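Written below as structure tokens is the structure these notes are about.
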Amino acid sequence: MRAIVLGATGAIGREVVASLAALTHISSVVAVSRSKIDTTDDTQLQSKFPNLDLAREDIKSKVLTVALDWEDFTTKKGEDGEKPLSFEGAGLVAWCLGTTKSDAGSSEAFRRIDYDYCEAAATAAKKAGVPHFSLVSSMGANPRSFFLYPEVKGKVEELVKEKGFKTTSIYQPGILDRGDKLRKHEKVLVRLFGGTKVSDVAKVIADHSVPGVVQEGTTTYSDKEIRAAAKEMH
């Protein structure tokens with residue numbers, strides 16, 4: 001199976017790349033990010049995907065990288081004649097791209113990245129006949145929320161459901177333990193309340209790519225369910 005990971009160098013995305021590449025039914029993992037990654041440079045690969053087993057050539061060789069101009073891709077709705085990214089033949093697309101209003105710089109920029117970019121990707125994936133779309137969302141996602149973050153996350157969930165993929169998997173983790181990518185306020189929350197490890201979220205997403213593990217249709221996994229599934233895998 002060919003898998004595509006969007007937002008591949010983020011806290012969850014980089015773990016999804018490593019987890020998928022380690023599975024025998026996965027033939028290749030297309031890691032999509034904004035910047036170019038040289039797959040012949042082990043130092044660079046290790047910095048981008050810290051848990052990718054570079055000692056295993058059969059695993060390392062599965063990872064292919066694509067540098068994507070998301071603004072260009074989104075404006076053209078994935079219809080660029082010289083597509084740097086093709087969804088054709090992919091069995092799984094995992095959406096791991098996301099930001100915050102603070103990081104994006106404004107509410108409009110946040111909506112652009114979290115909603116518009118995902119809409120363009122989901123549209124292109126559906127058109128290409130991708131059977132399984134996995135979406136990393138958030139606990140509390142609600143399209144009718146008065147708060148920006150859960151409202152946008154909820155609307156993204158709705159747009160992906162409306163695409164009608166054969167299988168749609170939506171993951172709603174709570175406080176994330178993002179390791180070295182923890183933001184200042186997140187460090188405080190994780191210290192006080194604990195957090196769901198990004199590696200655990202990734203392992204569950206990867207496990208659900210195995211044929212027959214999940215049913216067709218749309219399934220939403222709560223933070224509790226993600227943790228429980230990950231615990232069973234340890």
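Simple scheme: letters A, B, ... for chains in structure tokens order, numbers from 1 for residues in each chain, numbers from 1 for ligands in the order shown.
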
Members of region 84-189 of chain A assigned helix (DSSP H, G or I) by DSSP, as a PDB file with N, CA and C atoms, in the first residue's frame:
ATOM      1  N   LYS A 101      -3.965  29.690  16.144  1.00  0.00           N
ATOM      2  CA  LYS A 101      -4.093  31.091  15.773  1.00  0.00           C
ATOM      3  C   LYS A 101      -2.792  31.833  16.089  1.00  0.00           C
ATOM      4  N   SER A 102      -2.194  31.497  17.231  1.00  0.00           N
ATOM      5  CA  SER A 102      -0.956  32.153  17.641  1.00  0.00           C
ATOM      6  C   SER A 102       0.175  31.898  16.649  1.00  0.00           C
ATOM      7  N   ASP A 103       0.339  30.639  16.255  1.00  0.00           N
ATOM      8  CA  ASP A 103       1.404  30.303  15.317  1.00  0.00           C
ATOM      9  C   ASP A 103       1.118  30.820  13.916  1.00  0.00           C
ATOM     10  N   ALA A 104      -0.162  30.806  13.523  1.00  0.00           N
ATOM     11  CA  ALA A 104      -0.530  31.242  12.175  1.00  0.00           C
ATOM     12  C   ALA A 104      -0.461  32.765  12.033  1.00  0.00           C
ATOM     13  N   SER A 107      -6.673  34.848  12.880  1.00  0.00           N
ATOM     14  CA  SER A 107      -7.779  33.898  12.743  1.00  0.00           C
ATOM     15  C   SER A 107      -7.922  33.455  11.294  1.00  0.00           C
ATOM     16  N   GLU A 108      -7.757  34.429  10.378  1.00  0.00           N
ATOM     17  CA  GLU A 108      -7.902  34.133   8.955  1.00  0.00           C
ATOM     18  C   GLU A 108      -6.833  33.158   8.489  1.00  0.00           C
ATOM     19  N   ALA A 109      -5.606  33.371   8.933  1.00  0.00           N
ATOM     20  CA  ALA A 109      -4.502  32.487   8.541  1.00  0.00           C
ATOM     21  C   ALA A 109      -4.705  31.089   9.114  1.00  0.00           C
ATOM     22  N   PHE A 110      -5.228  31.029  10.339  1.00  0.00           N
ATOM     23  CA  PHE A 110      -5.499  29.739  10.961  1.00  0.00           C
ATOM     24  C   PHE A 110      -6.545  28.973  10.158  1.00  0.00           C
ATOM     25  N   ARG A 111      -7.625  29.639   9.769  1.00  0.00           N
ATOM     26  CA  ARG A 111      -8.670  28.996   8.978  1.00  0.00           C
ATOM     27  C   ARG A 111      -8.113  28.545   7.621  1.00  0.00           C
ATOM     28  N   ARG A 112      -7.271  29.369   7.053  1.00  0.00           N
ATOM     29  CA  ARG A 112      -6.688  29.052   5.750  1.00  0.00           C
ATOM     30  C   ARG A 112      -5.907  27.743   5.812  1.00  0.00           C
ATOM     31  N   ILE A 113      -5.074  27.613   6.829  1.00  0.00           N
ATOM     32  CA  ILE A 113      -4.216  26.431   6.953  1.00  0.00           C
ATOM     33  C   ILE A 113      -5.012  25.203   7.364  1.00  0.00           C
ATOM     34  N   ASP A 114      -5.809  25.334   8.408  1.00  0.00           N
ATOM     35  CA  ASP A 114      -6.504  24.156   8.942  1.00  0.00           C
ATOM     36  C   ASP A 114      -7.696  23.724   8.095  1.00  0.00           C
ATOM     37  N   TYR A 115      -8.424  24.676   7.543  1.00  0.00           N
ATOM     38  CA  TYR A 115      -9.619  24.310   6.783  1.00  0.00           C
ATOM     39  C   TYR A 115      -9.370  24.252   5.279  1.00  0.00           C
ATOM     40  N   ASP A 116      -8.922  25.363   4.705  1.00  0.00           N
ATOM     41  CA  ASP A 116      -8.782  25.430   3.243  1.00  0.00           C
ATOM     42  C   ASP A 116      -7.767  24.432   2.698  1.00  0.00           C
ATOM     43  N   TYR A 117      -6.631  24.322   3.372  1.00  0.00           N
ATOM     44  CA  TYR A 117      -5.619  23.370   2.908  1.00  0.00           C
ATOM     45  C   TYR A 117      -6.172  21.942   2.947  1.00  0.00           C
ATOM     46  N   CYS A 118      -6.871  21.607   4.029  1.00  0.00           N
ATOM     47  CA  CYS A 118      -7.424  20.269   4.161  1.00  0.00           C
ATOM     48  C   CYS A 118      -8.504  20.018   3.108  1.00  0.00           C
ATOM     49  N   GLU A 119      -9.314  21.032   2.856  1.00  0.00           N
ATOM     50  CA  GLU A 119     -10.366  20.879   1.843  1.00  0.00           C
ATOM     51  C   GLU A 119      -9.756  20.565   0.478  1.00  0.00           C
ATOM     52  N   ALA A 120      -8.686  21.267   0.120  1.00  0.00           N
ATOM     53  CA  ALA A 120      -8.024  21.032  -1.168  1.00  0.00           C
ATOM     54  C   ALA A 120      -7.454  19.622  -1.237  1.00  0.00           C
ATOM     55  N   ALA A 121      -6.820  19.183  -0.141  1.00  0.00           N
ATOM     56  CA  ALA A 121      -6.222  17.849  -0.106  1.00  0.00           C
ATOM     57  C   ALA A 121      -7.288  16.758  -0.161  1.00  0.00           C
ATOM     58  N   ALA A 122      -8.340  16.918   0.617  1.00  0.00           N
ATOM     59  CA  ALA A 122      -9.407  15.910   0.651  1.00  0.00           C
ATOM     60  C   ALA A 122     -10.108  15.825  -0.703  1.00  0.00           C
ATOM     61  N   THR A 123     -10.289  16.975  -1.346  1.00  0.00           N
ATOM     62  CA  THR A 123     -10.922  16.998  -2.665  1.00  0.00           C
ATOM     63  C   THR A 123     -10.068  16.248  -3.683  1.00  0.00           C
ATOM     64  N   ALA A 124      -8.763  16.510  -3.671  1.00  0.00           N
ATOM     65  CA  ALA A 124      -7.855  15.845  -4.597  1.00  0.00           C
ATOM     66  C   ALA A 124      -7.769  14.347  -4.314  1.00  0.00           C
ATOM     67  N   ALA A 125      -7.756  13.986  -3.035  1.00  0.00           N
ATOM     68  CA  ALA A 125      -7.675  12.572  -2.655  1.00  0.00           C
ATOM     69  C   ALA A 125      -8.927  11.823  -3.096  1.00  0.00           C
ATOM     70  N   LYS A 126     -10.078  12.434  -2.889  1.00  0.00           N
ATOM     71  CA  LYS A 126     -11.340  11.803  -3.284  1.00  0.00           C
ATOM     72  C   LYS A 126     -11.397  11.630  -4.799  1.00  0.00           C
ATOM     73  N   LYS A 127     -10.981  12.644  -5.518  1.00  0.00           N
ATOM     74  CA  LYS A 127     -10.992  12.586  -6.983  1.00  0.00           C
ATOM     75  C   LYS A 127     -10.085  11.473  -7.487  1.00  0.00           C
ATOM     76  N   LEU A 148     -12.837  29.691  18.347  1.00  0.00           N
ATOM     77  CA  LEU A 148     -12.259  29.491  17.019  1.00  0.00           C
ATOM     78  C   LEU A 148     -11.701  28.088  16.803  1.00  0.00           C
ATOM     79  N   TYR A 149     -10.830  27.641  17.689  1.00  0.00           N
ATOM     80  CA  TYR A 149     -10.127  26.379  17.468  1.00  0.00           C
ATOM     81  C   TYR A 149     -11.079  25.179  17.331  1.00  0.00           C
ATOM     82  N   PRO A 150     -11.943  24.925  18.323  1.00  0.00           N
ATOM     83  CA  PRO A 150     -12.853  23.780  18.180  1.00  0.00           C
ATOM     84  C   PRO A 150     -13.851  23.939  17.039  1.00  0.00           C
ATOM     85  N   GLU A 151     -14.217  25.202  16.739  1.00  0.00           N
ATOM     86  CA  GLU A 151     -15.163  25.429  15.642  1.00  0.00           C
ATOM     87  C   GLU A 151     -14.546  25.012  14.309  1.00  0.00           C
ATOM     88  N   VAL A 152     -13.319  25.455  14.053  1.00  0.00           N
ATOM     89  CA  VAL A 152     -12.658  25.121  12.792  1.00  0.00           C
ATOM     90  C   VAL A 152     -12.390  23.615  12.712  1.00  0.00           C
ATOM     91  N   LYS A 153     -11.931  23.038  13.814  1.00  0.00           N
ATOM     92  CA  LYS A 153     -11.685  21.591  13.817  1.00  0.00           C
ATOM     93  C   LYS A 153     -12.969  20.826  13.511  1.00  0.00           C
ATOM     94  N   GLY A 154     -14.088  21.279  14.085  1.00  0.00           N
ATOM     95  CA  GLY A 154     -15.370  20.628  13.827  1.00  0.00           C
ATOM     96  C   GLY A 154     -15.794  20.752  12.376  1.00  0.00           C
ATOM     97  N   LYS A 155     -15.566  21.918  11.791  1.00  0.00           N
ATOM     98  CA  LYS A 155     -15.946  22.121  10.396  1.00  0.00           C
ATOM     99  C   LYS A 155     -15.062  21.304   9.450  1.00  0.00           C
ATOM    100  N   VAL A 156     -13.799  21.120   9.830  1.00  0.00           N
ATOM    101  CA  VAL A 156     -12.906  20.281   9.029  1.00  0.00           C
ATOM    102  C   VAL A 156     -13.397  18.835   9.061  1.00  0.00           C
ATOM    103  N   GLU A 157     -13.815  18.375  10.237  1.00  0.00           N
ATOM    104  CA  GLU A 157     -14.357  17.023  10.337  1.00  0.00           C
ATOM    105  C   GLU A 157     -15.574  16.865   9.413  1.00  0.00           C
ATOM    106  N   GLU A 158     -16.436  17.861   9.402  1.00  0.00           N
ATOM    107  CA  GLU A 158     -17.632  17.798   8.563  1.00  0.00           C
ATOM    108  C   GLU A 158     -17.291  17.728   7.089  1.00  0.00           C
ATOM    109  N   LEU A 159     -16.325  18.545   6.662  1.00  0.00           N
ATOM    110  CA  LEU A 159     -15.992  18.571   5.234  1.00  0.00           C
ATOM    111  C   LEU A 159     -15.389  17.237   4.794  1.00  0.00           C
ATOM    112  N   VAL A 160     -14.589  16.624   5.659  1.00  0.00           N
ATOM    113  CA  VAL A 160     -13.991  15.335   5.309  1.00  0.00           C
ATOM    114  C   VAL A 160     -15.072  14.249   5.249  1.00  0.00           C
ATOM    115  N   LYS A 161     -15.995  14.262   6.200  1.00  0.00           N
ATOM    116  CA  LYS A 161     -17.094  13.288   6.184  1.00  0.00           C
ATOM    117  C   LYS A 161     -17.914  13.425   4.904  1.00  0.00           C
ATOM    118  N   GLU A 162     -18.141  14.661   4.481  1.00  0.00           N
ATOM    119  CA  GLU A 162     -18.977  14.913   3.304  1.00  0.00           C
ATOM    120  C   GLU A 162     -18.336  14.413   2.014  1.00  0.00           C
ATOM    121  N   LYS A 163     -17.036  14.193   2.023  1.00  0.00           N
ATOM    122  CA  LYS A 163     -16.352  13.704   0.816  1.00  0.00           C
ATOM    123  C   LYS A 163     -16.750  12.260   0.514  1.00  0.00           C
ATOM    124  N   GLY A 179       6.543  16.087  22.945  1.00  0.00           N
ATOM    125  CA  GLY A 179       7.991  15.958  23.126  1.00  0.00           C
ATOM    126  C   GLY A 179       8.720  17.270  22.945  1.00  0.00           C
ATOM    127  N   ASP A 180       9.741  17.273  22.087  1.00  0.00           N
ATOM    128  CA  ASP A 180      10.551  18.474  21.884  1.00  0.00           C
ATOM    129  C   ASP A 180       9.812  19.566  21.123  1.00  0.00           C
ATOM    130  N   LYS A 181       8.595  19.281  20.654  1.00  0.00           N
ATOM    131  CA  LYS A 181       7.816  20.286  19.939  1.00  0.00           C
ATOM    132  C   LYS A 181       6.744  20.932  20.816  1.00  0.00           C
ATOM    133  N   LYS A 184       5.178  26.429  24.997  1.00  0.00           N
ATOM    134  CA  LYS A 184       5.372  26.783  26.407  1.00  0.00           C
ATOM    135  C   LYS A 184       4.146  26.447  27.254  1.00  0.00           C
ATOM    136  N   HIS A 185       2.964  26.843  26.798  1.00  0.00           N
ATOM    137  CA  HIS A 185       1.760  26.581  27.594  1.00  0.00           C
ATOM    138  C   HIS A 185       1.425  25.094  27.631  1.00  0.00           C
ATOM    139  N   GLU A 186       1.806  24.374  26.575  1.00  0.00           N
ATOM    140  CA  GLU A 186       1.549  22.943  26.536  1.00  0.00           C
ATOM    141  C   GLU A 186       2.396  22.200  27.570  1.00  0.00           C
ATOM    142  N   LYS A 187       3.605  22.680  27.781  1.00  0.00           N
ATOM    143  CA  LYS A 187       4.478  22.057  28.785  1.00  0.00           C
ATOM    144  C   LYS A 187       3.828  22.101  30.162  1.00  0.00           C
ATOM    145  N   VAL A 188       3.198  23.239  30.454  1.00  0.00           N
ATOM    146  CA  VAL A 188       2.528  23.400  31.744  1.00  0.00           C
ATOM    147  C   VAL A 188       1.351  22.435  31.855  1.00  0.00           C
ATOM    148  N   LEU A 189       0.544  22.349  30.795  1.00  0.00           N
ATOM    149  CA  LEU A 189      -0.632  21.478  30.808  1.00  0.00           C
ATOM    150  C   LEU A 189      -0.237  20.008  30.941  1.00  0.00           C
TER     151      LEU A 189
END

Any idea what's packed within 9 Å of region 26-38 of chain A, counting only C-alpha atoms, ignoring anything in its chain fewer than 2 positions away? Could you give it as a ChimeraX atom specification?
-> /A:1-10,13-14,17-18,20-24,40-42,44-45,48,59,61-70,85,97,209-210

For Lys166 (chain A), which residue out of A:Ser86, A:Ser134, A:Thr196, A:Ser222 is the nearest one, using only C-alpha atoms?
->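 Smallest distance to Lys166 (chain A) is found for A:Ser134.
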
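A straight line drawn from CA of Gly217 (chain A) to CA of Glu232 (chain A) is 23.2 Å long.
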
Which one is closest to Gly91 (chain A): A:Ile170, A:Met139, A:Ala128, A:Met233? Count only C-alpha atoms.
->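 Using only C-alpha atoms, Gly91 (chain A) sits closest to A:Ala128.
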
Name the residues in contact with Gly140 (chain A) at a cut-off of 8 Å, using only C-alpha atoms, excluding same-chain residues fewer than 2 positions from it; report them as an MDAnalysis selection string.
-> chainID A and resid 138 142 150 172

Please run DSSP on the backbone and report, as a count of residues only, all residues within region 56-230 of chain A that come out as strand (DSSP E).
-> 32

Taking into account only C-alpha atoms, which residue in the set A:Ile226, A:Leu54, A:Ala206, A:Val214 is nearest to Ser19 (chain A)?
-> A:Ala206

What is the CA of Pro173 (chain A) to CA of Val136 (chain A) distance in Å?
->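 According to the coordinates, CA of Pro173 (chain A) and CA of Val136 (chain A) are separated by 7.9 Å.
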
What is the distance between CA of Tyr221 (chain A) and CA of Gly98 (chain A), in Å to one decimal?
->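 Separating CA of Tyr221 (chain A) from CA of Gly98 (chain A) is a distance of 17.8 Å.
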
Nearest to Ile175 (chain A), chosen from A:Gln215, A:Leu135, A:Phe146, A:Asp223, with only C-alpha atoms counted in the distances = A:Asp223
